[in-house]
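Participant: Okay, handing you the structure first.
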Amino acid sequence: MTVTRRTLLGAALSSTVPFAARAEDAWPSRLVRLISPYGPGGSNDISLRLLADEFGRNLHQQFIVENKPGAGTRIANDTVAHAPGDGYTFLYVAAPYATAEALFGKLTYERKDLQPVAMAVVAPLFLIISAEAPFKTLPELIAYGKSKPDGLTFASPGAGSQPHLAGELLFRDAGVKGLNIPFRGDAASYTELLAGRVDATLTALPSALPYIQSGKFVVLGVASAERSPLYPRAPTLREQGFPNVAAAGWYGFMAPATTPRAIIDRFQTEVLRALADPGIKDKLTAQGLEVRAASAAEFGQFIDSETQKWTRVIHDAGLKGE
């Protein structure tokens with residue numbers, strides 16, 4: 001048999017394609033890093049560790065959580081945006097991803113550097129006041145704000161956070177002046193609320209629940225399209241005349257843009273599989289999270305919608321990140 005250049009090229013191609021396919025089919029063949037944009041202990045970190053354990057059991061490989069907090073989640077975003085696209089580094093992206101560019105201008109990464117894998121959960125935001133406040137309902141809160149020259153004061157766990165932006169939406173739609181006062185986390189916000197130095201806050205349920213159950217806080221509503229099964233007694237803000245005030249924290253998975261489609265599809269399947277497990281759902285609910293499983297395509301559309309919505313709010317309110 002005569003060996004020609006064409007024969008050698010054909011042999012090389014035929015051996016390379018199956019090798020690439022085998023490499024993707026074998027995923028994961030080693031440890032997988034899941035990057036969290038927040039520190040240990042919060043709902044992002046806890047929910048990610050629950051899912052990481054489930055992935056490990058189902059795929060017989062180790063999935064580890066690496067916390068890279070700071071800069072409004074931009075440190076973690078940048079880490080994954082510049083990671084190799086080999087299927088061994090993923091981002092557990094959070095809501096500030098959709099607002100970063102509008103708040104901070106040019107970033108160290110671009111949206112095209114990351115691609116969605118699957119949406120996981122949302123954290124509904126509840127409008128909370130002190131039980132000692134001189135108002136007891138949302139209409140009374142708005143009327144109180146309109147009666148004051150400086151309007152309402154809202155506490156938030158940071159400038160540009162979802163509670164901050166939802167508060168800005170409420171100010172705008174209610175036609176009331178408002179001042180957002182950022183604190184380092186919910187605990188400091190609650191201290192100011194209990195002391196009567198701020199009028200209200202929007203917050204996730206788990207950290208506020210002990211104060212609600214003890215009668216120190218009153219829930220005026222939830223900033224969701226529908227009532228939350230986490231606290232169904234709370235009417236939506238939409239029900240109370242504010243149809244545009246809908247906001248929530250959210251988390252999902254993203255990967256470097258160069259990650260092969262076959263690996264994205266495989267991991268998407270595993271994420272959706274884990275989120276469908278009743279035991280996982282119950283554990284996430286206990287953390288004040290609602291499962292909101294969605295495919296890569298659906299998650300990408302959701303991120304685009306969130307980016308457009310909050311960019312308008314940020315520009316209209318003249319907000320700038322610090």
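By order of appearance in the structure tokens: chains A, B, ..., then residues from 1 within every chain, and ligands from 1 in the order shown.
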Using only C-alpha atoms, which protein or nucleic acid residues come within 12 Å of range 285-294 of chain A? Drop anything in the same chain fewer than 5 positions from it, and give the result as a ChimeraX atom specification.
Facilitator: /A:41-48,50-51,116-126,203-209,224,227-231,248-253,268-280,299-303
Participant: Got a sec: who's within 7 Å of Leu114 in chain A, counting only C-alpha atoms, leaving out chain neighbours fewer than 5 positions off, as a count of residues only?
Facilitator: 5
Participant: Please report the interatomic distance between CA of Tyr88 in chain A and CA of Arg49 in chain A in Å with one decimal.
Facilitator: 16.2 Å
Participant: Write out as a list in words the residues lying within 9 Å of Leu193 in chain A, counting only C-alpha atoms and excluding same-chain residues fewer than 5 positions away.
Facilitator: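 Residues meeting the cut-off are Ile128, Ile129, Ser130, Phe154, Ala155, Ala188, Val198, Asp199, Ala200, Thr201 and Phe217 of chain A.
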Participant: Which residues are near Lys106 in chain A? Cut-off 12 Å, only C-alpha atoms, ignore same chain within fewer than 6 positions. Put them as a PyMOL selection string.
Facilitator: chain A and resi 74+99-100+321
Participant: Go ahead and save the picked residues with all heavy atoms, as a PDB file, in the first residue's frame.
Facilitator:
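Final file, part30.pdb:
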```pdb
ATOM      1  N   ARG A  74     -17.638  41.491  40.903  1.00  0.00           N
ATOM      2  CA  ARG A  74     -16.823  41.605  39.694  1.00  0.00           C
ATOM      3  C   ARG A  74     -15.535  40.790  39.767  1.00  0.00           C
ATOM      4  O   ARG A  74     -15.007  40.374  38.735  1.00  0.00           O
ATOM      5  CB  ARG A  74     -16.506  43.078  39.427  1.00  0.00           C
ATOM      6  CG  ARG A  74     -17.699  43.879  38.883  1.00  0.00           C
ATOM      7  CD  ARG A  74     -17.405  45.363  38.859  1.00  0.00           C
ATOM      8  NE  ARG A  74     -17.367  45.913  40.204  1.00  0.00           N
ATOM      9  CZ  ARG A  74     -16.633  46.965  40.572  1.00  0.00           C
ATOM     10  NH1 ARG A  74     -15.838  47.560  39.693  1.00  0.00           N
ATOM     11  NH2 ARG A  74     -16.684  47.406  41.814  1.00  0.00           N
ATOM     12  N   THR A  99     -25.969  44.460  36.389  1.00  0.00           N
ATOM     13  CA  THR A  99     -25.943  45.910  36.646  1.00  0.00           C
ATOM     14  C   THR A  99     -24.534  46.488  36.668  1.00  0.00           C
ATOM     15  O   THR A  99     -24.358  47.700  36.738  1.00  0.00           O
ATOM     16  CB  THR A  99     -26.621  46.228  37.989  1.00  0.00           C
ATOM     17  OG1 THR A  99     -25.911  45.574  39.057  1.00  0.00           O
ATOM     18  CG2 THR A  99     -28.071  45.750  37.998  1.00  0.00           C
ATOM     19  N   ALA A 100     -23.524  45.630  36.617  1.00  0.00           N
ATOM     20  CA  ALA A 100     -22.145  46.072  36.822  1.00  0.00           C
ATOM     21  C   ALA A 100     -21.705  47.137  35.825  1.00  0.00           C
ATOM     22  O   ALA A 100     -21.123  48.165  36.201  1.00  0.00           O
ATOM     23  CB  ALA A 100     -21.197  44.882  36.779  1.00  0.00           C
ATOM     24  N   GLY A 321     -21.560  53.419  40.795  1.00  0.00           N
ATOM     25  CA  GLY A 321     -20.944  52.486  41.736  1.00  0.00           C
ATOM     26  C   GLY A 321     -19.732  53.101  42.408  1.00  0.00           C
ATOM     27  O   GLY A 321     -19.099  54.022  41.894  1.00  0.00           O
TER      28      GLY A 321
END
```
Participant: Find the residue from A:Ile181, A:Ile264, A:Ala52, A:Ile75 that sits nearest to Ser295 in chain A; use only C-alpha atoms when measuring.
Facilitator: A:Ile264
Participant: If I take CA of Asp186 in chain A and CA of His164 in chain A, how far is one from the other in Å, to one decimal?
Facilitator: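 Interatomic distance, CA of Asp186 in chain A to CA of His164 in chain A: 11.9 Å.
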Participant: Apply DSSP to the structure's backbone, then extract all residues of range 62-238 of chain A labelled strand (DSSP E or B) and return them as an NGL selection string.
Facilitator: :A and (63-67 or 89-94 or 114-124 or 126-130 or 152-156 or 178-182 or 200-203 or 217-222 or 236)
Participant: Counting only C-alpha atoms, what is within 8 Å of Ala317 in chain A, bar same-chain residues fewer than 3 positions away, as a PyMOL selection string?
Facilitator: chain A and resi 168+313-314
Participant: Give me, as a ChimeraX atom specification, the residues of range 19-213 of chain A that a backbone DSSP run labels helix (DSSP H, G or I).
Facilitator: /A:19-25,43-59,71-81,95-98,100-104,111-113,138-147,162-174,186-194,205-213
Participant: At a cut-off of 7 Å, using only C-alpha atoms, what residues contact Val65 in chain A? Leave out same-chain residues fewer than 6 positions from it and give the result as a list in words.
Facilitator: Arg33, Leu34, Ile35, Ser36 and Arg49 of chain A
Participant: Can I get the selection written as an mmCIF file, in the first residue's frame, with C-alpha atoms?
Facilitator:
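Listed below is the output, selection_23.cif:
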```cif
data_model
loop_
_atom_site.group_PDB
_atom_site.id
_atom_site.type_symbol
_atom_site.label_atom_id
_atom_site.label_comp_id
_atom_site.auth_asym_id
_atom_site.auth_seq_id
_atom_site.Cartn_x
_atom_site.Cartn_y
_atom_site.Cartn_z
ATOM 1 C CA ARG A 33 -14.128 24.583 40.417
ATOM 2 C CA LEU A 34 -17.345 26.486 41.149
ATOM 3 C CA ILE A 35 -16.628 30.156 41.813
ATOM 4 C CA SER A 36 -18.882 32.015 44.254
ATOM 5 C CA ARG A 49 -22.420 24.005 48.301
#
```
Participant: So, with only C-alpha atoms as the atoms that count, which of A:Leu165, A:Val176, A:Ala297, A:Leu31 lies closest to Ala95 in chain A?
Facilitator: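 Among the listed residues, A:Leu165 lies closest to Ala95 in chain A.
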Participant: Considering only C-alpha atoms, state which residue in the set A:Ser189, A:Pro210, A:Thr258, A:Leu220 is at the smallest distance from Leu141 in chain A.
Facilitator: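 Nearest to Leu141 in chain A: A:Leu220.
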Participant: Separation of CA of Arg238 in chain A and CA of Ala133 in chain A, in Å?
Facilitator: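 These two atoms are separated by 22.7 Å.
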Participant: Could you check the closest approach to Phe171 in chain A for each of A:Thr108, A:Thr137, A:Asn58, A:Thr153 and tell me which residue wins, using only C-alpha atoms?
Facilitator: A:Thr153
Participant: With distances taken over only C-alpha atoms, which residue among A:Asn67, A:Leu170, A:Pro232, A:Val32 lies nearest Asp53 in chain A?
Facilitator: A:Val32
Participant: Measuring between only C-alpha atoms, which one of A:Ala187, A:Leu179, A:Leu202, A:Ala166 shows the shortest distance to Asn244 in chain A?
Facilitator: A:Ala166
